[in-house]
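File shown here: query34.txt, holding compact mmCIF, N, CA and C atoms.
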# COMPACT_ATOMS: atom_id res chain seq x y z
N MET A 289 221.72 169.85 177.46
CA MET A 289 220.78 169.93 176.36
C MET A 289 219.90 168.69 176.29
N GLY A 290 220.46 167.52 176.51
CA GLY A 290 219.72 166.28 176.38
C GLY A 290 218.65 166.11 177.44
N LYS A 291 218.99 166.48 178.69
CA LYS A 291 218.00 166.32 179.76
C LYS A 291 216.85 167.30 179.62
N SER A 292 217.14 168.51 179.19
CA SER A 292 216.07 169.49 179.05
C SER A 292 215.13 169.09 177.90
N LYS A 293 215.70 168.53 176.83
CA LYS A 293 214.87 168.07 175.73
C LYS A 293 213.99 166.89 176.17
N MET A 294 214.58 166.00 176.96
CA MET A 294 213.82 164.85 177.45
C MET A 294 212.69 165.30 178.38
N LEU A 295 212.97 166.26 179.24
CA LEU A 295 211.96 166.78 180.16
C LEU A 295 210.85 167.52 179.40
N THR A 296 211.24 168.31 178.41
CA THR A 296 210.26 169.04 177.61
C THR A 296 209.38 168.08 176.83
N GLU A 297 209.98 167.07 176.25
CA GLU A 297 209.20 166.09 175.49
C GLU A 297 208.28 165.28 176.41
N GLY A 298 208.74 164.98 177.62
CA GLY A 298 207.89 164.29 178.58
C GLY A 298 206.69 165.13 178.98
N ALA A 299 206.92 166.42 179.19
CA ALA A 299 205.81 167.32 179.52
C ALA A 299 204.83 167.43 178.36
N LEU A 300 205.35 167.45 177.16
CA LEU A 300 204.50 167.50 175.97
C LEU A 300 203.65 166.23 175.85
N MET A 301 204.27 165.09 176.10
CA MET A 301 203.53 163.83 176.04
C MET A 301 202.47 163.75 177.13
N LEU A 302 202.78 164.29 178.31
CA LEU A 302 201.78 164.34 179.38
C LEU A 302 200.61 165.25 179.00
N ALA A 303 200.91 166.35 178.32
CA ALA A 303 199.85 167.25 177.88
C ALA A 303 198.96 166.58 176.83
N VAL A 304 199.57 165.87 175.90
CA VAL A 304 198.79 165.15 174.88
C VAL A 304 197.93 164.08 175.55
N PHE A 305 198.53 163.36 176.51
CA PHE A 305 197.76 162.34 177.23
C PHE A 305 196.60 162.97 178.00
N ALA A 306 196.84 164.13 178.63
CA ALA A 306 195.79 164.79 179.39
C ALA A 306 194.63 165.21 178.48
N ILE A 307 194.95 165.72 177.31
CA ILE A 307 193.90 166.12 176.36
C ILE A 307 193.10 164.89 175.91
N LEU A 308 193.80 163.83 175.57
CA LEU A 308 193.11 162.60 175.14
C LEU A 308 192.27 162.01 176.27
N LEU A 309 192.78 162.07 177.49
CA LEU A 309 192.04 161.55 178.64
C LEU A 309 190.82 162.42 178.93
N PHE A 310 190.96 163.71 178.76
CA PHE A 310 189.82 164.61 178.93
C PHE A 310 188.73 164.29 177.92
N ILE A 311 189.13 164.10 176.67
CA ILE A 311 188.16 163.73 175.63
C ILE A 311 187.53 162.39 175.96
N TYR A 312 188.34 161.44 176.41
CA TYR A 312 187.84 160.10 176.76
C TYR A 312 186.80 160.19 177.87
N ASN A 313 187.02 161.05 178.84
CA ASN A 313 186.17 161.08 180.02
C ASN A 313 184.93 161.95 179.84
N TYR A 314 185.01 163.04 179.09
CA TYR A 314 183.93 164.02 179.09
C TYR A 314 183.19 164.19 177.77
N ILE A 315 183.70 163.68 176.66
CA ILE A 315 183.02 163.86 175.38
C ILE A 315 182.66 162.48 174.83
N PRO A 316 181.39 162.09 174.93
CA PRO A 316 181.00 160.70 174.65
C PRO A 316 181.35 160.18 173.25
N LEU A 317 181.00 160.87 172.20
CA LEU A 317 181.23 160.32 170.86
C LEU A 317 182.71 160.35 170.47
N LEU A 318 183.43 161.37 170.88
CA LEU A 318 184.84 161.44 170.56
C LEU A 318 185.69 160.50 171.41
N SER A 319 185.11 159.98 172.49
CA SER A 319 185.86 159.05 173.34
C SER A 319 186.21 157.77 172.60
N ILE A 320 185.39 157.40 171.64
CA ILE A 320 185.67 156.21 170.83
C ILE A 320 186.96 156.41 170.04
N VAL A 321 187.16 157.60 169.52
CA VAL A 321 188.36 157.90 168.75
C VAL A 321 189.56 158.09 169.67
N SER A 322 189.35 158.73 170.81
CA SER A 322 190.48 159.02 171.70
C SER A 322 191.07 157.74 172.30
N VAL A 323 190.27 156.71 172.47
CA VAL A 323 190.78 155.44 172.99
C VAL A 323 191.84 154.86 172.06
N LEU A 324 191.67 155.09 170.77
CA LEU A 324 192.64 154.58 169.80
C LEU A 324 194.00 155.26 169.92
N PHE A 325 194.02 156.48 170.46
CA PHE A 325 195.26 157.25 170.51
C PHE A 325 195.85 157.40 171.91
N LEU A 326 195.24 156.83 172.94
CA LEU A 326 195.76 156.97 174.30
C LEU A 326 197.13 156.31 174.47
N LEU A 327 197.43 155.32 173.69
CA LEU A 327 198.74 154.66 173.76
C LEU A 327 199.86 155.50 173.16
N LEU A 328 199.52 156.37 172.24
CA LEU A 328 200.52 157.06 171.43
C LEU A 328 201.57 157.85 172.22
N PRO A 329 201.21 158.66 173.23
CA PRO A 329 202.27 159.39 173.95
C PRO A 329 203.28 158.46 174.63
N PHE A 330 202.81 157.35 175.15
CA PHE A 330 203.70 156.41 175.83
C PHE A 330 204.61 155.68 174.82
N ILE A 331 204.04 155.33 173.69
CA ILE A 331 204.83 154.66 172.66
C ILE A 331 205.95 155.57 172.16
N LEU A 332 205.59 156.80 171.84
CA LEU A 332 206.58 157.74 171.30
C LEU A 332 207.68 158.03 172.31
N TYR A 333 207.31 158.21 173.57
CA TYR A 333 208.30 158.57 174.58
C TYR A 333 209.20 157.39 174.93
N SER A 334 208.61 156.22 175.13
CA SER A 334 209.43 155.08 175.54
C SER A 334 210.22 154.49 174.38
N ALA A 335 209.85 154.79 173.15
CA ALA A 335 210.66 154.35 172.01
C ALA A 335 211.91 155.20 171.87
N LYS A 336 211.89 156.38 172.46
CA LYS A 336 213.01 157.30 172.32
C LYS A 336 213.91 157.34 173.56
N TYR A 337 213.33 157.16 174.75
CA TYR A 337 214.08 157.32 175.99
C TYR A 337 214.07 156.03 176.80
N PRO A 338 214.96 155.92 177.79
CA PRO A 338 215.06 154.67 178.57
C PRO A 338 213.80 154.35 179.38
N PHE A 339 213.75 153.10 179.79
CA PHE A 339 212.60 152.56 180.51
C PHE A 339 212.32 153.32 181.79
N LYS A 340 213.36 153.71 182.50
CA LYS A 340 213.22 154.41 183.77
C LYS A 340 212.48 155.73 183.60
N HIS A 341 212.77 156.44 182.54
CA HIS A 341 212.12 157.72 182.28
C HIS A 341 210.68 157.52 181.82
N ALA A 342 210.43 156.42 181.14
CA ALA A 342 209.06 156.11 180.74
C ALA A 342 208.20 155.80 181.95
N LEU A 343 208.78 155.19 182.97
CA LEU A 343 208.03 154.94 184.21
C LEU A 343 207.68 156.24 184.92
N VAL A 344 208.57 157.22 184.85
CA VAL A 344 208.26 158.54 185.42
C VAL A 344 207.08 159.16 184.66
N LEU A 345 207.06 158.98 183.36
CA LEU A 345 205.93 159.45 182.55
C LEU A 345 204.65 158.74 182.97
N LEU A 346 204.72 157.46 183.26
CA LEU A 346 203.54 156.71 183.72
C LEU A 346 203.04 157.25 185.05
N ILE A 347 203.94 157.52 185.98
CA ILE A 347 203.54 158.07 187.27
C ILE A 347 202.90 159.44 187.09
N GLY A 348 203.48 160.26 186.22
CA GLY A 348 202.89 161.56 185.92
C GLY A 348 201.51 161.44 185.30
N SER A 349 201.33 160.44 184.44
CA SER A 349 200.01 160.26 183.82
C SER A 349 198.98 159.79 184.84
N ILE A 350 199.40 159.02 185.82
CA ILE A 350 198.47 158.61 186.88
C ILE A 350 198.04 159.83 187.69
N LEU A 351 199.00 160.69 188.02
CA LEU A 351 198.66 161.92 188.75
C LEU A 351 197.75 162.82 187.94
N ILE A 352 198.01 162.93 186.64
CA ILE A 352 197.16 163.75 185.76
C ILE A 352 195.75 163.16 185.70
N SER A 353 195.66 161.83 185.66
CA SER A 353 194.33 161.21 185.58
C SER A 353 193.52 161.45 186.85
N VAL A 354 194.19 161.47 188.00
CA VAL A 354 193.48 161.77 189.25
C VAL A 354 193.03 163.22 189.26
N LEU A 355 193.89 164.13 188.82
CA LEU A 355 193.53 165.54 188.81
C LEU A 355 192.45 165.86 187.78
N LEU A 356 192.51 165.20 186.66
CA LEU A 356 191.60 165.49 185.56
C LEU A 356 190.21 164.89 185.79
N GLY A 357 190.17 163.71 186.30
CA GLY A 357 188.89 163.04 186.47
C GLY A 357 188.65 162.68 187.92
N SER A 358 188.96 161.47 188.24
CA SER A 358 188.80 160.98 189.60
C SER A 358 189.67 159.74 189.75
N LEU A 359 189.46 159.04 190.83
CA LEU A 359 190.21 157.80 191.05
C LEU A 359 189.85 156.73 190.03
N PHE A 360 188.71 156.87 189.39
CA PHE A 360 188.26 155.87 188.43
C PHE A 360 189.01 155.94 187.10
N LEU A 361 189.80 156.97 186.88
CA LEU A 361 190.60 157.05 185.67
C LEU A 361 191.99 156.45 185.84
N ILE A 362 192.36 156.07 187.06
CA ILE A 362 193.66 155.45 187.29
C ILE A 362 193.80 154.14 186.51
N PRO A 363 192.80 153.26 186.49
CA PRO A 363 192.94 152.04 185.68
C PRO A 363 193.15 152.32 184.19
N VAL A 364 192.53 153.35 183.68
CA VAL A 364 192.71 153.70 182.27
C VAL A 364 194.16 154.11 182.02
N ALA A 365 194.71 154.93 182.91
CA ALA A 365 196.09 155.37 182.76
C ALA A 365 197.05 154.19 182.90
N LEU A 366 196.76 153.28 183.81
CA LEU A 366 197.63 152.12 184.00
C LEU A 366 197.60 151.18 182.80
N ILE A 367 196.41 150.88 182.29
CA ILE A 367 196.31 149.95 181.17
C ILE A 367 197.02 150.51 179.94
N TYR A 368 196.67 151.73 179.57
CA TYR A 368 197.24 152.30 178.35
C TYR A 368 198.70 152.69 178.53
N GLY A 369 199.06 153.12 179.73
CA GLY A 369 200.45 153.50 179.99
C GLY A 369 201.40 152.33 179.94
N THR A 370 201.09 151.26 180.64
CA THR A 370 201.99 150.11 180.65
C THR A 370 202.06 149.43 179.29
N THR A 371 200.93 149.36 178.60
CA THR A 371 200.95 148.76 177.27
C THR A 371 201.74 149.62 176.28
N GLY A 372 201.57 150.92 176.35
CA GLY A 372 202.32 151.81 175.49
C GLY A 372 203.81 151.77 175.77
N ILE A 373 204.19 151.66 177.04
CA ILE A 373 205.60 151.56 177.40
C ILE A 373 206.19 150.25 176.86
N ALA A 374 205.42 149.16 176.95
CA ALA A 374 205.91 147.88 176.42
C ALA A 374 206.10 147.94 174.91
N ILE A 375 205.18 148.55 174.21
CA ILE A 375 205.31 148.68 172.76
C ILE A 375 206.51 149.55 172.41
N GLY A 376 206.66 150.67 173.10
CA GLY A 376 207.78 151.55 172.84
C GLY A 376 209.12 150.90 173.15
N TYR A 377 209.16 150.11 174.21
CA TYR A 377 210.40 149.39 174.56
C TYR A 377 210.76 148.38 173.47
N CYS A 378 209.76 147.67 172.96
CA CYS A 378 210.01 146.71 171.89
C CYS A 378 210.48 147.40 170.62
N ILE A 379 209.96 148.58 170.35
CA ILE A 379 210.41 149.33 169.18
C ILE A 379 211.85 149.80 169.38
N ARG A 380 212.16 150.32 170.58
CA ARG A 380 213.50 150.86 170.83
C ARG A 380 214.56 149.76 170.78
N THR A 381 214.23 148.56 171.28
CA THR A 381 215.20 147.46 171.27
C THR A 381 215.14 146.64 170.00
N LYS A 382 214.32 147.07 169.04
CA LYS A 382 214.20 146.44 167.72
C LYS A 382 213.80 144.96 167.80
N LYS A 383 212.80 144.68 168.62
CA LYS A 383 212.25 143.32 168.69
C LYS A 383 211.40 143.08 167.44
N SER A 384 211.09 141.83 167.20
CA SER A 384 210.28 141.51 166.02
C SER A 384 208.83 141.96 166.24
N LYS A 385 208.09 142.02 165.17
CA LYS A 385 206.69 142.45 165.26
C LYS A 385 205.86 141.46 166.05
N PHE A 386 206.21 140.18 165.96
CA PHE A 386 205.50 139.16 166.72
C PHE A 386 205.70 139.36 168.22
N VAL A 387 206.93 139.61 168.64
CA VAL A 387 207.22 139.85 170.06
C VAL A 387 206.49 141.10 170.54
N LEU A 388 206.49 142.15 169.71
CA LEU A 388 205.80 143.38 170.06
C LEU A 388 204.31 143.12 170.26
N TYR A 389 203.70 142.43 169.32
CA TYR A 389 202.27 142.15 169.40
C TYR A 389 201.94 141.28 170.60
N MET A 390 202.72 140.24 170.82
CA MET A 390 202.44 139.32 171.93
C MET A 390 202.66 139.99 173.28
N SER A 391 203.72 140.77 173.41
CA SER A 391 203.97 141.43 174.70
C SER A 391 202.87 142.45 175.01
N ALA A 392 202.45 143.21 174.01
CA ALA A 392 201.39 144.19 174.24
C ALA A 392 200.07 143.50 174.56
N SER A 393 199.76 142.42 173.86
CA SER A 393 198.50 141.71 174.10
C SER A 393 198.47 141.06 175.47
N ILE A 394 199.56 140.40 175.83
CA ILE A 394 199.60 139.73 177.14
C ILE A 394 199.57 140.75 178.27
N LEU A 395 200.28 141.86 178.11
CA LEU A 395 200.29 142.89 179.14
C LEU A 395 198.92 143.53 179.29
N PHE A 396 198.24 143.79 178.18
CA PHE A 396 196.89 144.36 178.24
C PHE A 396 195.94 143.39 178.94
N LEU A 397 196.05 142.10 178.62
CA LEU A 397 195.22 141.10 179.25
C LEU A 397 195.52 140.97 180.74
N LEU A 398 196.80 140.97 181.12
CA LEU A 398 197.17 140.90 182.54
C LEU A 398 196.67 142.12 183.31
N ASN A 399 196.75 143.29 182.69
CA ASN A 399 196.21 144.49 183.34
C ASN A 399 194.72 144.36 183.58
N ALA A 400 193.99 143.85 182.62
CA ALA A 400 192.55 143.68 182.77
C ALA A 400 192.24 142.68 183.88
N ILE A 401 192.98 141.58 183.95
CA ILE A 401 192.76 140.57 184.99
C ILE A 401 193.08 141.14 186.37
N LEU A 402 194.20 141.85 186.48
CA LEU A 402 194.57 142.44 187.77
C LEU A 402 193.56 143.49 188.23
N GLN A 403 193.03 144.24 187.31
CA GLN A 403 192.03 145.23 187.69
C GLN A 403 190.72 144.58 188.08
N TYR A 404 190.39 143.47 187.46
CA TYR A 404 189.20 142.72 187.86
C TYR A 404 189.37 142.16 189.27
N ILE A 405 190.55 141.62 189.57
CA ILE A 405 190.81 141.10 190.92
C ILE A 405 190.78 142.24 191.93
N ALA A 406 191.35 143.38 191.59
CA ALA A 406 191.31 144.54 192.49
C ALA A 406 189.88 144.99 192.73
N PHE A 407 189.03 144.94 191.71
CA PHE A 407 187.63 145.29 191.86
C PHE A 407 186.94 144.35 192.84
N ILE A 408 187.21 143.06 192.72
CA ILE A 408 186.61 142.08 193.62
C ILE A 408 187.07 142.32 195.06
N VAL A 409 188.35 142.57 195.25
CA VAL A 409 188.88 142.77 196.60
C VAL A 409 188.38 144.07 197.21
N LEU A 410 188.40 145.16 196.45
CA LEU A 410 188.02 146.46 196.99
C LEU A 410 186.52 146.61 197.23
N PHE A 411 185.72 146.11 196.31
CA PHE A 411 184.28 146.32 196.41
C PHE A 411 183.51 145.09 196.87
N ASN A 412 184.21 143.99 197.06
CA ASN A 412 183.61 142.75 197.56
C ASN A 412 182.43 142.31 196.70
N LYS A 413 182.53 142.51 195.43
CA LYS A 413 181.50 142.08 194.47
C LYS A 413 182.16 141.36 193.32
N ASN A 414 181.60 140.23 192.95
CA ASN A 414 182.07 139.50 191.79
C ASN A 414 181.00 139.63 190.72
N ILE A 415 181.28 140.36 189.67
CA ILE A 415 180.26 140.65 188.67
C ILE A 415 179.99 139.44 187.76
N LEU A 416 180.82 138.42 187.83
CA LEU A 416 180.57 137.23 187.02
C LEU A 416 179.63 136.24 187.71
N LYS A 417 179.48 136.36 189.02
CA LYS A 417 178.56 135.50 189.74
C LYS A 417 177.19 136.15 189.79
N LYS A 418 176.18 135.29 189.83
CA LYS A 418 174.83 135.83 190.01
C LYS A 418 174.65 136.15 191.48
N TYR A 419 173.93 137.21 191.74
CA TYR A 419 173.71 137.60 193.14
C TYR A 419 172.67 136.72 193.69
Let's see the structure in the file written out as structure tokens.
Amino acid sequence: MGKSKMLTEGALMLAVFAILLFIYNYIPLLSIVSVLFLLLPFILYSAKYPFKHALVLLIGSILISVLLGSLFLIPVALIYGTTGIAIGYCIRTKKSKFVLYMSASILFLLNAILQYIAFIVLFNKNILKKY
């Protein structure tokens, strides 16, 4: 009973993420609102289930983002997925609000820096330098 409920809830969270990602990618004005809720499926799932299962949800969300949009949606899934998992983990382990805020902020910042470095390496362009 427990595994089937966990699998069903994971599929439901993936569906919610897919709908929010679709809105983010294809509907311009509603994308502003959907960005606020992209973390929610990851937070809810990782607050309830172990870290290992939340990582499976992250991998599924990356696959959904490739199928739904293109390779350019992978960074969106990674940023919101890892940050949501960190928030959910802090909630499940009953960390303080300060630890939750700091871990989410630092992880979001690290994701942005890593994606900037990946952009420089893959496309050989540094957008901070003048051409």
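Going from CA of Leu308 in chain A over to CA of Ser353 in chain A, you cover 10.6 Å.
Between CA of Met390 in chain A and CA of Ala306 in chain A lies a distance of 27.4 Å.
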* Residues at most 12 Å from Val364 in chain A, counting only C-alpha atoms, excluding those fewer than 5 positions away in the same chain, as a PyMOL selection string? -> chain A and resi 305-306+308-310+312-313+323+326-327+346+349-350+352-354+357-359+369-372+396+399-400+403
* To do: Please identify which residues in chain A DSSP calls helix (DSSP H, G or I) from the backbone, and express them as a ChimeraX atom specification.
  => /A:290-314,316-325,328-336,339-356,359-380,385-411
* Length of the CA of Ile307 in chain A to CA of Leu395 in chain A vector [Å] -> 24.3 Å
